[in-house]
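I have placed the structure first, in the form of structure tokens, so that the comments after it can refer back to it.
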Amino acid sequence: DEQREELEALAAVYSEELARIAPIWPVRLALRLPGGSATLRFTFPPSYPQGGPCRCELQSENFGILTHERSILEAAEAERGPAGFPSVIAMFQAAQQWVEDHEAKIAAAAASGGVGAARALGRELEDAAEAPVDA
């Protein structure tokens with residue numbers, strides 16, 4: 001089964017970063033991003049990967065990470081494979097690379113005491129409120 005194969009590959013490559021959130025189905029995983037202050041959480045639907053994509057979420061209390069949440073998730077989503085193909089490894093690697101490449105920006109935002117994150121979140125909420133809603 002492809003889910004099991006992907007889980008085995010993840011465990012082999014990312015044994016230190018990987019945590020299984022629930023030992024029952026649906027599969028829920030957390031992979032720790034560089035610096036240890038954030039995780040990508042994946043939920044596999046029962047029919048993943050053939051029947052639908054996994055869900056990917058970023059979890060962190062680090063203001064520097066939260067300031068860049070959208071960019072990190074966009075980097076991960078850009079590596080999502082086509083329908084029917086496992087995607088978690090590629091998505092995690094893309095997010096991991098983004099965090100490593102932008103370490104200084106993340107640290108600067110975190111050092112600002114969250115002011116930048118609060119402003120960025122406010123802008124995101126304003127943008128979302130102004131965006132047209134598809135019917």
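FYI, nothing fancy with the structure tokens labels: chains A, B, ... in order, residues from 1 per chain, ligands from 1 as they appear.
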
Practice task
Looking only at helix (DSSP H, G or I) from DSSP on the backbone, list the matching residues of chain A as number ranges by chain.
Solution key: A: 2-13, 63-67, 69-78, 88-101, 103-111, 115-130

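Residues of stretch 41-125 of chain A assigned to strand (DSSP E) by DSSP on this structure's backbone: Arg41, Phe42, Thr43, Arg55, Cys56, Glu57, Leu58, Gln59 and Ser60 of chain A.
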
Can you write out the residues you just picked, keeping N, CA and C atoms, as a PDB file, in the first residue's frame?
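The result, written out as result-v3.pdb:
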```
ATOM      1  N   ARG A  41       2.293  19.605   9.613  1.00  0.00           N
ATOM      2  CA  ARG A  41       1.404  18.493   9.973  1.00  0.00           C
ATOM      3  C   ARG A  41       0.666  18.039   8.725  1.00  0.00           C
ATOM      4  N   PHE A  42       0.680  16.751   8.516  1.00  0.00           N
ATOM      5  CA  PHE A  42       0.029  16.153   7.358  1.00  0.00           C
ATOM      6  C   PHE A  42      -1.045  15.183   7.826  1.00  0.00           C
ATOM      7  N   THR A  43      -2.173  15.225   7.159  1.00  0.00           N
ATOM      8  CA  THR A  43      -3.252  14.269   7.397  1.00  0.00           C
ATOM      9  C   THR A  43      -3.541  13.582   6.075  1.00  0.00           C
ATOM     10  N   ARG A  55      -3.638  16.679   3.557  1.00  0.00           N
ATOM     11  CA  ARG A  55      -3.795  18.054   4.038  1.00  0.00           C
ATOM     12  C   ARG A  55      -2.485  18.439   4.732  1.00  0.00           C
ATOM     13  N   CYS A  56      -2.044  19.663   4.506  1.00  0.00           N
ATOM     14  CA  CYS A  56      -0.784  20.153   5.067  1.00  0.00           C
ATOM     15  C   CYS A  56      -1.054  21.438   5.842  1.00  0.00           C
ATOM     16  N   GLU A  57      -0.578  21.490   7.077  1.00  0.00           N
ATOM     17  CA  GLU A  57      -0.735  22.668   7.923  1.00  0.00           C
ATOM     18  C   GLU A  57       0.588  22.969   8.610  1.00  0.00           C
ATOM     19  N   LEU A  58       0.821  24.227   8.908  1.00  0.00           N
ATOM     20  CA  LEU A  58       2.013  24.643   9.637  1.00  0.00           C
ATOM     21  C   LEU A  58       1.591  24.973  11.064  1.00  0.00           C
ATOM     22  N   GLN A  59       2.349  24.480  12.025  1.00  0.00           N
ATOM     23  CA  GLN A  59       2.055  24.786  13.421  1.00  0.00           C
ATOM     24  C   GLN A  59       3.312  25.338  14.080  1.00  0.00           C
ATOM     25  N   SER A  60       3.179  26.499  14.698  1.00  0.00           N
ATOM     26  CA  SER A  60       4.300  27.110  15.399  1.00  0.00           C
ATOM     27  C   SER A  60       3.780  28.200  16.331  1.00  0.00           C
TER      28      SER A  60
END
```

Exercise for the section: With a distance cut-off of 9 Å and only C-alpha atoms, select the neighbouring residues of A:Glu16, excluding the residue or stretch itself and same-chain residues fewer than 3 positions from it, and output the selection as a ChimeraX atom specification. Expected result: /A:11,13,19,31-32

Exercise for the section: For atom CA of A:Pro49 and atom CA of A:Glu6, determine how far apart the two atoms are, in Å to one decimal place. Expected result: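 Distance reported for this atom pair: 9.8 Å.
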
Problem - Residue nearest A:Phe92 - candidates A:Leu29, A:Ala104, A:Ile65, A:Ala110, atoms counted: only C-alpha atoms - result: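 Of the candidates, the smallest distance to A:Phe92 is held by A:Leu29.
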
Practice task
Find the residue from A:Cys54, A:Ala30, A:Ile24, A:Ala111 that sits nearest to A:Pro82; use only C-alpha atoms when measuring.
Solution key: A:Cys54

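The space separating atom CA of A:His68 from atom CA of A:Val88 comes to 20.0 Å.
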
Non-local contacts of stretch 77-79 of chain A (8 Å; only C-alpha atoms; under 6 positions in same chain excluded) as an mmCIF file with N, CA, C and O atoms, in the first residue's frame:
```
data_model
loop_
_atom_site.group_PDB
_atom_site.id
_atom_site.type_symbol
_atom_site.label_atom_id
_atom_site.label_comp_id
_atom_site.auth_asym_id
_atom_site.auth_seq_id
_atom_site.Cartn_x
_atom_site.Cartn_y
_atom_site.Cartn_z
ATOM 1 N N SER A 87 3.239 12.778 -1.837
ATOM 2 C CA SER A 87 3.785 14.138 -1.901
ATOM 3 C C SER A 87 4.492 14.612 -0.641
ATOM 4 O O SER A 87 5.142 15.643 -0.669
ATOM 5 N N ALA A 90 8.448 15.438 -0.691
ATOM 6 C CA ALA A 90 8.778 16.608 -1.511
ATOM 7 C C ALA A 90 8.262 17.893 -0.875
ATOM 8 O O ALA A 90 8.953 18.923 -0.879
ATOM 9 N N MET A 91 7.060 17.848 -0.309
ATOM 10 C CA MET A 91 6.495 19.040 0.326
ATOM 11 C C MET A 91 7.309 19.442 1.551
ATOM 12 O O MET A 91 7.601 20.621 1.754
ATOM 13 N N ALA A 94 10.677 20.983 0.545
ATOM 14 C CA ALA A 94 10.527 22.351 0.048
ATOM 15 C C ALA A 94 10.352 23.338 1.201
ATOM 16 O O ALA A 94 10.963 24.413 1.208
#
```

Problem - Pick from A:Trp98, A:Tyr14, A:Tyr48, A:Trp25, whichever lies nearest to A:Glu2 using only C-alpha atoms - result: A:Tyr48

Handout entry: Contacts of A:Ala83 within 8 Å, only C-alpha atoms, excl. fewer than 3 positions in-chain, as a PyMOL selection string
Key = chain A and resi 49-53

Handout entry: Separation of atom CA of A:Pro86 from atom CA of A:Ile72 in Å
Key =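 Between atom CA of A:Ile72 and atom CA of A:Pro86 the gap is 19.3 Å.
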
Handout entry: A:Ala38, A:Val27, A:Ile21, A:Leu7 ranked by distance to A:Glu69, top pick (using only C-alpha atoms)
Key =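 Closest candidate: A:Ala38.
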